[in-house]
Number of protein chains: 4
Amino acid sequence: MSRTMKAAVFLGPNRIVLDEKPIPEPGPLDALIRITTTTICGTDVHILKGEYPVAQGLTIGHEPVGVIEKLGSAVQGYTVGQRVIAGAITPSGYSAACLCGVCAQDGPGTKYGFKPLGGWRFGNTIDGAQAEYLLVPDAMTNLAPIPDGLSDEQVLMCPDIMSTGFSGAESGAVRIGDTVAVFAQGPIGLCATAGARLMGASKIITVESVPARMEISRRMGADHVVDFTRGDVVDQILKLTDGRGVDVAIEALGRQQTFEAGLRVLRPGGTLSSLGVYSSDLTIPLDAFCAGLGDHKIITTLCPGGKERMRRLMDMIASGRLDARPLVTHRFKLAEIEAAYDLFANQRDGVLKVAITP
Amino acid sequence: MSRTMKAAVFLGPNRIVLDEKPIPEPGPLDALIRITTTTICGTDVHILKGEYPVAQGLTIGHEPVGVIEKLGSAVQGYTVGQRVIAGAITPSGYSAACLCGVCAQDGPGTKYGFKPLGGWRFGNTIDGAQAEYLLVPDAMTNLAPIPDGLSDEQVLMCPDIMSTGFSGAESGAVRIGDTVAVFAQGPIGLCATAGARLMGASKIITVESVPARMEISRRMGADHVVDFTRGDVVDQILKLTDGRGVDVAIEALGRQQTFEAGLRVLRPGGTLSSLGVYSSDLTIPLDAFCAGLGDHKIITTLCPGGKERMRRLMDMIASGRLDARPLVTHRFKLAEIEAAYDLFANQRDGVLKVAITP
Amino acid sequence: MSRTMKAAVFLGPNRIVLDEKPIPEPGPLDALIRITTTTICGTDVHILKGEYPVAQGLTIGHEPVGVIEKLGSAVQGYTVGQRVIAGAITPSGYSAACLCGVCAQDGPGTKYGFKPLGGWRFGNTIDGAQAEYLLVPDAMTNLAPIPDGLSDEQVLMCPDIMSTGFSGAESGAVRIGDTVAVFAQGPIGLCATAGARLMGASKIITVESVPARMEISRRMGADHVVDFTRGDVVDQILKLTDGRGVDVAIEALGRQQTFEAGLRVLRPGGTLSSLGVYSSDLTIPLDAFCAGLGDHKIITTLCPGGKERMRRLMDMIASGRLDARPLVTHRFKLAEIEAAYDLFANQRDGVLKVAITP
Amino acid sequence: MSRTMKAAVFLGPNRIVLDEKPIPEPGPLDALIRITTTTICGTDVHILKGEYPVAQGLTIGHEPVGVIEKLGSAVQGYTVGQRVIAGAITPSGYSAACLCGVCAQDGPGTKYGFKPLGGWRFGNTIDGAQAEYLLVPDAMTNLAPIPDGLSDEQVLMCPDIMSTGFSGAESGAVRIGDTVAVFAQGPIGLCATAGARLMGASKIITVESVPARMEISRRMGADHVVDFTRGDVVDQILKLTDGRGVDVAIEALGRQQTFEAGLRVLRPGGTLSSLGVYSSDLTIPLDAFCAGLGDHKIITTLCPGGKERMRRLMDMIASGRLDARPLVTHRFKLAEIEAAYDLFANQRDGVLKVAITP
């Protein structure tokens, strides 16, 4: 094994480049995995554009599929050569946040064990997955073996897209017979649609305007796809629900407009489940909020991580409940990652997700 | 029995006056109760000021304690002469909202059975309790007999103040060992404090500046009372939690400032339980909201009603778990209600709640 | 309209006969519906056999599909001629049980508002649905209009079979990615299978031995159907889960054997959701129960009723999430109901459910 | 520091003796703590009597209070000399069970990550706390610093008695205004009583016959203490609830009689929260179970562990919500532990719990 590896490194705004880095050495609780497939996330584009600050020189990416190359001295229960994934969020397992059930806000090194977004380490606070090798921290909490018979691309959406998307429906506590609206049908919104369908919604209305995304939205479970360029979204959704409104609205874009529309289509007592990454303050309109008296819930969720979550998601793939492969529209070699960023950041050619293989 | 009664009637902004009205006749599902004690709520002051529109000529008030005078033809299980209360919110019991567990958004006459704030009828959409007699709709869903030995003043806070205040802690899902902050210690905030204590919070921090309210806040369960005139509230609360933040913040004022401070003192994954009636749009600051990635919950609650809720609250009084009498600071005859409004609306003389007796 | 009607009446053990009865007159809160389709339930067979006592002369049946014939004087929001269903369980809406969320234990006439099984009135404490006409109590809580375009047979399973079956998965709190076992694939077990599938289970294992039921079990969502005549059920299920056990076991038969097997296949911390009607004391084996230290849950559920539940179930049918028609295997006229009982009670000819039309 | 230590070792039925053992050396994830106070649990008496099998030579005890003596190489966030406790249950933090929220069924070394009772390691599968030193596994998940100002005896009940007792109320989901019955007022039952009180029960009925325990039961929160020697317990409780029954029954003894009485006093839809360690099969009487149709829940809970749970419990002590010191009725040196076992196992001299100090 060589001593260095290729990695996609952030050098500054609009500069993510392929660079050479030393292959890291696992500490006692870590595992080193050889990446076989990874991908680019919308968050990575925020990093690329300088909108979300990370350290110069950091390797980007948080969606790893790979093979165990080396295990830390204290890691038990795994073997070198196993095919594994790890979630985008890699909780420690032992922080107060984890023990309280909010693993994504993991703060093992902090006084009280909570840290906002602390579970998001790959490509944020430690080197990420767009590389030939990746160090997975707290390996026993995070490494999930890939079931036999599943390809890399079949499980590539599990670390982030499926986990986040499904959590939109889960945090909304979708019940059998609910009506659900999902705002935006990018990869995460599409998986939120699939999640709402998997949890028993009787009517799913999605909001999108790109024809290819509208089409895949239906395949993922939408009963109606509302085109926001063809009239007011709130009006259209209320009309489709005959004026009743929805039980659960899922925001999957991260904009004031969709957040607000989500509130406006809720029936009294409904839940707005928010997945989007916002980039400015939000306004809650007084009327849409019934002056605070509408028994509304607004719930935000950061991608759930940990090996058990990954196991469950892969089981859903293995049992045919969801085929996430249609989300992978383009394929690149790691060596071409700069081109991949260019395509993905500019949303060219109908791209949904790209597969990157070192 | 006379054919007319005295009632506090809304005639227009700043004009709630005592007037003469016919005593109503119960329909098949109604009950007529003779009011023995009632009170004025902050919401009534909004009505008085013209900030919350109600029909001209409406009798105001939604906190009745009384005696059954007459039962509708289809009402069973009660007897004339029973001492009873009804909640401020009087759900029908049969709307979709009720059957979904959000009774306060009751819409029995609507197509889908939901109506924002629909369960609030007294002094809002039908004549209210500041009168000699009150018609209680859907009596079998709403009339709760007063346990023997409890006085009117002991149960006077149940219909609204205790039910709303406790719901702040309940909707926040306070658990044994939680740290809770309660913003504002008016009557509802004080009951939210009591509710947090009753549900097992280990540390309760309240925010208030009026010395008498600070004092009663401690009696209701506060471990620390933060005076917002003596420094930044967020700083003070974070200091009292040693930087950790609170598990649950309860907003009991209805202002941007307290709503925002509630978000800012939450630990990641915490819940903001909002009780306040807001009068303008709200802003969610991006940083306090972790850009939507903090696993935060914002939950609003309108006063839970119905006879079972009232029974539970009165049982808490009967068993000595809470003595709400200290909240009643002033007493008036119904004939003096204009003076009572004047005192209460202007928050003079340390008033918390007034008892009004016809 | 004639003054009398045909009705299937219980006269004593093994004697349910078609008889003539007066058509009832609705009280203020009732509705009279003309039955267009109904069915026979396993519970009716218990009544037939004298195993479950009901009053002599009672009309049997609790699964009505019909048309509103006449409304009580206080009933609003419906019109004569509407096609409706009502649940097998007809809660009042105003009892303490209803206001506590356990509508099926409704006790409106009791001191505390709870009565075991009190919500089950049709064919138990009041005349039931196997007749030309049916009086529906508390009509505003219970009548659910049938969506346009749905036939009687499409919604015939909603009042009991779907509501009960789905509740097995709901009370088990099936989550995305769970493994679920369902014991027995009669009509309710089949709907429990469908419910588990609709809520996102990744692996569903059902237990049955009748080939036709095994086949329909797969159509309803089973991944594996275990034949209990071909080896120990617990062994087979543990093998199919690779030794892990299931997250949720659903009992849909009402026998010690299946109850016990349900416990034995649970992973630690799992839930046994019990739907069966038992006919003798149950034994919890010490080992299967980990001496009380396995973090197990045993949850029983009586068919959820009320119009909102019915609406949700019919919406699931309308949106194509479930086609329950395959459960209806035989059709009879009401005049032939004695033959229908004979077929159904003896489980002849592969019968699952019969449709009875007056 | 000496190389050997004193420890209470199980040598066979009725033989727990003080012996000399090597002081263990912490592995990378462990911590060595010097025990300053510990105690004997009812479970230890089962071990003593040979009713619960453990390995010969094992050190007994699972309720440690101590000082960190040495930290494993990979343990961060603690310092030698800190006063700490660890729960009776020491979950790994990284097993599937932990990541599913059932830490007590922790199975880090197993294929699927679940193991019945797997989180109970001290004095069960590894050496326990009745010794001068104790090796705490997965120290970062389990070590909880003792707040300044709290004595050993103040926190001695946290590792097991309080955690288990409170969980009885928590698993029963006691709500404000509930009526709760607690069967048996040994140390765990007493803490269940305290837990029900802390969660807002309006009426708490406990069952006990020992006068001293009846007295302390009242101090812990009981409104009524029923003496089972003075008449049928079920009758007495139903009378105290005026025939209504209780919302939650907590079983804290582990016998058929109390389990069954718990079911019999439940209102329809109520929850039996079971804490007892049973020693034989249980019978569920058909009538008490409403043939499976009473919407009953039976929930078992094994003592919740982990540092966050311990922190919360100690915070409750620190804030004065509960004073658990009255539970400690006798004190012994570790050298006298055989006498302590003799007193405790035979329940002499009004013993509740003993404090053992090395």
# chains A, B, ... in the order shown; residues from 1 in each chain; ligands from 1
call {"tool": "interface_residues", "arguments": {"of": "chain D", "to": "chain A", "cutoff": "12 Å", "atoms": "only C-alpha atoms", "output": "compact mmCIF listing (two decimals) with N, CA and C atoms, in the first residue's frame"}}
result
# COMPACT_ATOMS: atom_id res chain seq x y z
N GLY D 27 -8.09 -1.63 30.61
CA GLY D 27 -7.84 -1.67 29.17
C GLY D 27 -8.07 -0.29 28.58
N PRO D 28 -7.90 -0.14 27.28
CA PRO D 28 -7.94 1.21 26.68
C PRO D 28 -9.22 1.99 26.94
N LEU D 29 -10.36 1.30 27.01
CA LEU D 29 -11.63 2.02 27.16
C LEU D 29 -12.14 2.01 28.60
N ASP D 30 -11.39 1.40 29.50
CA ASP D 30 -11.86 1.24 30.88
C ASP D 30 -11.37 2.37 31.78
N GLY D 72 -8.05 4.33 31.22
CA GLY D 72 -7.54 3.61 30.06
C GLY D 72 -6.94 4.57 29.04
N SER D 73 -6.10 4.03 28.20
CA SER D 73 -5.31 4.87 27.29
C SER D 73 -6.18 5.68 26.32
N ALA D 74 -7.36 5.17 25.99
CA ALA D 74 -8.19 5.88 25.00
C ALA D 74 -9.30 6.70 25.67
N VAL D 75 -9.29 6.77 26.98
CA VAL D 75 -10.35 7.49 27.68
C VAL D 75 -10.01 8.96 27.81
N GLN D 76 -10.91 9.80 27.35
CA GLN D 76 -10.69 11.24 27.42
C GLN D 76 -11.85 11.92 28.16
N GLY D 77 -11.58 13.08 28.72
CA GLY D 77 -12.64 13.87 29.32
C GLY D 77 -12.81 13.65 30.81
N TYR D 78 -11.93 12.88 31.42
CA TYR D 78 -11.99 12.64 32.87
C TYR D 78 -10.59 12.85 33.44
N THR D 90 -24.12 -0.86 32.54
CA THR D 90 -23.04 -0.10 31.88
C THR D 90 -23.04 -0.41 30.39
N PRO D 91 -23.86 0.32 29.66
CA PRO D 91 -23.94 0.07 28.21
C PRO D 91 -22.66 0.49 27.51
N SER D 92 -22.43 -0.15 26.38
CA SER D 92 -21.22 0.18 25.61
C SER D 92 -21.35 1.55 24.95
N GLY D 93 -22.57 1.89 24.53
CA GLY D 93 -22.77 3.10 23.74
C GLY D 93 -22.76 2.84 22.26
N TYR D 94 -22.17 1.75 21.81
CA TYR D 94 -22.03 1.55 20.37
C TYR D 94 -22.73 0.31 19.84
N SER D 95 -23.41 -0.43 20.69
CA SER D 95 -24.14 -1.60 20.19
C SER D 95 -25.41 -1.14 19.47
N ALA D 96 -25.99 -2.04 18.67
CA ALA D 96 -27.27 -1.73 18.04
C ALA D 96 -28.31 -1.43 19.10
N ALA D 97 -28.29 -2.16 20.20
CA ALA D 97 -29.27 -1.93 21.26
C ALA D 97 -29.17 -0.49 21.76
N CYS D 98 -27.96 -0.02 22.00
CA CYS D 98 -27.78 1.36 22.45
C CYS D 98 -28.30 2.34 21.40
N LEU D 99 -27.96 2.08 20.15
CA LEU D 99 -28.35 2.99 19.09
C LEU D 99 -29.85 2.93 18.82
N CYS D 100 -30.51 1.88 19.34
CA CYS D 100 -31.97 1.78 19.27
C CYS D 100 -32.65 2.31 20.52
N GLY D 101 -31.88 2.73 21.50
CA GLY D 101 -32.48 3.28 22.70
C GLY D 101 -32.84 2.26 23.77
N VAL D 102 -32.38 1.02 23.64
CA VAL D 102 -32.58 0.05 24.72
C VAL D 102 -31.23 -0.42 25.25
N CYS D 103 -30.54 0.54 25.85
CA CYS D 103 -29.16 0.34 26.31
C CYS D 103 -29.00 -0.86 27.23
N GLY D 107 -25.60 -5.50 23.49
CA GLY D 107 -24.87 -6.70 23.09
C GLY D 107 -23.75 -6.38 22.14
N PRO D 108 -22.75 -5.61 22.60
CA PRO D 108 -21.71 -5.16 21.66
C PRO D 108 -20.94 -6.30 21.03
N GLY D 109 -20.83 -7.41 21.73
CA GLY D 109 -20.04 -8.50 21.17
C GLY D 109 -20.86 -9.49 20.37
N THR D 110 -22.14 -9.21 20.20
CA THR D 110 -23.00 -10.18 19.53
C THR D 110 -23.24 -9.78 18.08
N LYS D 111 -23.74 -10.72 17.31
CA LYS D 111 -23.90 -10.48 15.88
C LYS D 111 -24.80 -9.29 15.59
N TYR D 112 -25.89 -9.18 16.34
CA TYR D 112 -26.86 -8.12 16.03
C TYR D 112 -26.88 -6.99 17.04
N GLY D 113 -26.02 -7.11 18.03
CA GLY D 113 -25.91 -5.99 18.93
C GLY D 113 -26.93 -5.97 20.05
N PHE D 114 -27.71 -7.01 20.19
CA PHE D 114 -28.66 -7.14 21.29
C PHE D 114 -28.29 -8.35 22.13
N ASP D 138 -16.12 0.70 29.15
CA ASP D 138 -16.65 1.80 28.32
C ASP D 138 -16.84 3.05 29.17
N ALA D 139 -15.73 3.46 29.75
CA ALA D 139 -15.77 4.52 30.78
C ALA D 139 -16.40 5.80 30.26
N MET D 140 -16.15 6.15 29.01
CA MET D 140 -16.68 7.43 28.51
C MET D 140 -18.20 7.41 28.39
N THR D 141 -18.78 6.23 28.31
CA THR D 141 -20.24 6.11 28.27
C THR D 141 -20.83 6.07 29.67
N ASN D 142 -20.01 5.74 30.64
CA ASN D 142 -20.59 5.36 31.93
C ASN D 142 -20.18 6.19 33.15
N LEU D 143 -19.04 6.82 33.12
CA LEU D 143 -18.61 7.55 34.31
C LEU D 143 -19.32 8.90 34.41
N ALA D 144 -19.96 9.14 35.53
CA ALA D 144 -20.67 10.40 35.74
C ALA D 144 -20.10 11.10 36.96
N PRO D 145 -19.49 12.28 36.77
CA PRO D 145 -18.93 13.02 37.91
C PRO D 145 -20.02 13.41 38.91
N PRO D 304 -32.31 1.74 33.65
CA PRO D 304 -31.57 2.51 32.65
C PRO D 304 -30.19 2.95 33.18
N GLY D 305 -29.18 2.81 32.35
CA GLY D 305 -27.83 3.18 32.77
C GLY D 305 -27.23 4.26 31.88
N GLY D 306 -25.91 4.41 32.00
CA GLY D 306 -25.21 5.41 31.21
C GLY D 306 -25.04 6.71 31.98
N LYS D 307 -24.00 7.44 31.64
CA LYS D 307 -23.62 8.62 32.42
C LYS D 307 -24.67 9.73 32.39
N GLU D 308 -25.39 9.87 31.29
CA GLU D 308 -26.37 10.94 31.19
C GLU D 308 -27.54 10.66 32.13
N ARG D 309 -27.94 9.41 32.20
CA ARG D 309 -28.98 9.03 33.16
C ARG D 309 -28.50 9.33 34.59
N MET D 310 -27.27 9.00 34.88
CA MET D 310 -26.73 9.24 36.22
C MET D 310 -26.67 10.75 36.52
N ARG D 311 -26.26 11.52 35.53
CA ARG D 311 -26.21 12.97 35.72
C ARG D 311 -27.58 13.52 36.08
N ARG D 312 -28.58 13.08 35.33
CA ARG D 312 -29.93 13.57 35.58
C ARG D 312 -30.40 13.21 37.00
call {"tool": "residues_around", "arguments": {"residues": "Glu51 (chain A)", "least_positions_apart": "5", "cutoff": "10 Å", "atoms": "only C-alpha atoms", "output": "number ranges by chain"}}
result
A: 13, 43-46, 279
call {"tool": "closest_residue", "arguments": {"among": "C:Ile317, C:Ala324, C:Leu135, C:Ile188", "to": "Ile176 (chain A)", "atoms": "only C-alpha atoms"}}
result
C:Ile317
call {"tool": "residues_around", "arguments": {"residues": "region 232-247 of chain B", "least_positions_apart": "2", "cutoff": "8 Å", "atoms": "only C-alpha atoms", "output": "mmCIF file with N, CA and C atoms, in the first residue's frame"}}
result
data_model
loop_
_atom_site.group_PDB
_atom_site.id
_atom_site.type_symbol
_atom_site.label_atom_id
_atom_site.label_comp_id
_atom_site.auth_asym_id
_atom_site.auth_seq_id
_atom_site.Cartn_x
_atom_site.Cartn_y
_atom_site.Cartn_z
ATOM 1 N N LYS A 111 -17.984 20.057 27.360
ATOM 2 C CA LYS A 111 -18.296 19.902 28.780
ATOM 3 C C LYS A 111 -19.606 19.146 29.014
ATOM 4 N N TYR A 112 -20.609 19.458 28.234
ATOM 5 C CA TYR A 112 -21.909 18.836 28.488
ATOM 6 C C TYR A 112 -22.302 17.796 27.464
ATOM 7 N N PHE A 114 -22.899 18.107 24.273
ATOM 8 C CA PHE A 114 -23.686 18.560 23.130
ATOM 9 C C PHE A 114 -22.861 19.541 22.327
ATOM 10 N N VAL B 174 -41.403 17.742 29.108
ATOM 11 C CA VAL B 174 -40.415 17.821 30.196
ATOM 12 C C VAL B 174 -40.246 16.448 30.841
ATOM 13 N N ASP B 178 -34.766 17.286 33.592
ATOM 14 C CA ASP B 178 -34.585 18.345 32.591
ATOM 15 C C ASP B 178 -34.311 19.696 33.247
ATOM 16 N N THR B 179 -33.658 20.547 32.501
ATOM 17 C CA THR B 179 -33.525 21.954 32.842
ATOM 18 C C THR B 179 -34.496 22.723 31.957
ATOM 19 N N VAL B 180 -35.265 23.608 32.589
ATOM 20 C CA VAL B 180 -36.334 24.301 31.875
ATOM 21 C C VAL B 180 -36.247 25.803 32.141
ATOM 22 N N ALA B 181 -36.423 26.598 31.103
ATOM 23 C CA ALA B 181 -36.538 28.056 31.267
ATOM 24 C C ALA B 181 -37.958 28.466 30.911
ATOM 25 N N ILE B 205 -35.584 27.775 35.560
ATOM 26 C CA ILE B 205 -35.144 29.168 35.535
ATOM 27 C C ILE B 205 -36.270 29.985 34.926
ATOM 28 N N VAL B 207 -38.004 33.934 34.004
ATOM 29 C CA VAL B 207 -37.599 35.287 33.612
ATOM 30 C C VAL B 207 -38.729 36.243 33.980
ATOM 31 N N VAL B 226 -34.598 35.014 36.862
ATOM 32 C CA VAL B 226 -33.704 35.945 36.179
ATOM 33 C C VAL B 226 -34.454 37.260 35.931
ATOM 34 N N ASP B 227 -33.834 38.339 36.328
ATOM 35 C CA ASP B 227 -34.431 39.668 36.119
ATOM 36 C C ASP B 227 -33.878 40.234 34.817
ATOM 37 N N PHE B 228 -34.747 40.380 33.837
ATOM 38 C CA PHE B 228 -34.253 40.778 32.508
ATOM 39 C C PHE B 228 -33.815 42.235 32.472
ATOM 40 N N THR B 229 -34.120 42.975 33.527
ATOM 41 C CA THR B 229 -33.641 44.356 33.560
ATOM 42 C C THR B 229 -32.202 44.431 34.072
ATOM 43 N N ARG B 230 -31.686 43.317 34.537
ATOM 44 C CA ARG B 230 -30.338 43.315 35.115
ATOM 45 C C ARG B 230 -29.312 42.648 34.224
ATOM 46 N N ALA B 249 -37.516 25.254 26.655
ATOM 47 C CA ALA B 249 -37.816 26.663 26.935
ATOM 48 C C ALA B 249 -39.306 26.869 26.713
ATOM 49 N N ALA B 261 -35.199 34.597 22.478
ATOM 50 C CA ALA B 261 -34.362 34.205 23.619
ATOM 51 C C ALA B 261 -34.589 32.726 23.940
ATOM 52 N N ARG B 264 -32.466 30.782 21.743
ATOM 53 C CA ARG B 264 -31.038 30.958 22.001
ATOM 54 C C ARG B 264 -30.543 30.219 23.240
ATOM 55 N N VAL B 265 -31.425 29.936 24.157
ATOM 56 C CA VAL B 265 -30.967 29.233 25.365
ATOM 57 C C VAL B 265 -31.114 27.719 25.251
ATOM 58 N N LEU B 266 -31.677 27.235 24.157
ATOM 59 C CA LEU B 266 -31.857 25.781 23.997
ATOM 60 C C LEU B 266 -30.535 25.080 23.746
ATOM 61 N N ARG B 267 -30.352 23.953 24.384
ATOM 62 C CA ARG B 267 -29.271 23.067 23.945
ATOM 63 C C ARG B 267 -29.653 22.511 22.582
ATOM 64 N N GLY B 269 -30.998 20.145 19.984
ATOM 65 C CA GLY B 269 -32.000 19.097 20.182
ATOM 66 C C GLY B 269 -33.083 19.470 21.175
ATOM 67 N N GLY B 270 -33.052 20.698 21.680
ATOM 68 C CA GLY B 270 -34.046 21.108 22.675
ATOM 69 C C GLY B 270 -35.366 21.546 22.044
ATOM 70 N N THR B 271 -36.341 21.793 22.907
ATOM 71 C CA THR B 271 -37.691 22.138 22.461
ATOM 72 C C THR B 271 -38.119 23.501 22.991
#
call {"tool": "atom_distance", "arguments": {"atom1": "CA of Ala222 (chain D)", "atom2": "CA of Gly200 (chain D)"}}
result
12.2 Å
call {"tool": "select_by_dssp", "arguments": {"residues": "region 160-282 of chain D", "states": "strand (DSSP E or B)", "output": "list of chain:residue names"}}
result
D:Thr179, D:Val180, D:Ala181, D:Val182, D:Phe183, D:Lys203, D:Ile204, D:Ile205, D:Thr206, D:Val207, D:His224, D:Val225, D:Val226, D:Val246, D:Asp247, D:Val248, D:Ala249, D:Ile250, D:Glu251, D:Leu266, D:Arg267, D:Pro268, D:Gly269, D:Gly270, D:Thr271, D:Leu272, D:Ser273, D:Ser274, D:Leu282
call {"tool": "write_last_selection", "arguments": {"atoms": "C-alpha atoms", "output": "compact mmCIF listing (two decimals), in the first residue's frame"}}
result
# COMPACT_ATOMS: atom_id res chain seq x y z
CA THR D 179 -53.82 7.97 39.47
CA VAL D 180 -51.01 5.51 40.10
CA ALA D 181 -50.73 2.35 42.21
CA VAL D 182 -47.33 1.02 43.26
CA PHE D 183 -47.11 -2.57 44.46
CA LYS D 203 -53.18 10.32 43.49
CA ILE D 204 -50.65 7.68 44.45
CA ILE D 205 -51.69 4.51 46.20
CA THR D 206 -48.98 2.20 47.45
CA VAL D 207 -49.20 -1.34 48.77
CA HIS D 224 -52.67 6.34 50.47
CA VAL D 225 -50.85 3.26 51.69
CA VAL D 226 -52.82 0.07 51.42
CA VAL D 246 -55.76 3.53 38.13
CA ASP D 247 -54.13 4.91 35.01
CA VAL D 248 -50.79 3.28 35.76
CA ALA D 249 -49.90 0.35 38.01
CA ILE D 250 -46.26 -0.22 38.90
CA GLU D 251 -45.16 -3.69 39.94
CA LEU D 266 -56.12 -0.80 35.83
CA ARG D 267 -58.81 1.24 34.18
CA PRO D 268 -59.43 0.15 30.58
CA GLY D 269 -56.58 1.47 28.49
CA GLY D 270 -54.23 1.61 31.47
CA THR D 271 -50.58 0.60 31.69
CA LEU D 272 -48.95 -1.97 33.91
CA SER D 273 -45.31 -0.95 34.31
CA SER D 274 -43.39 -3.93 35.59
CA LEU D 282 -46.72 -15.48 34.99
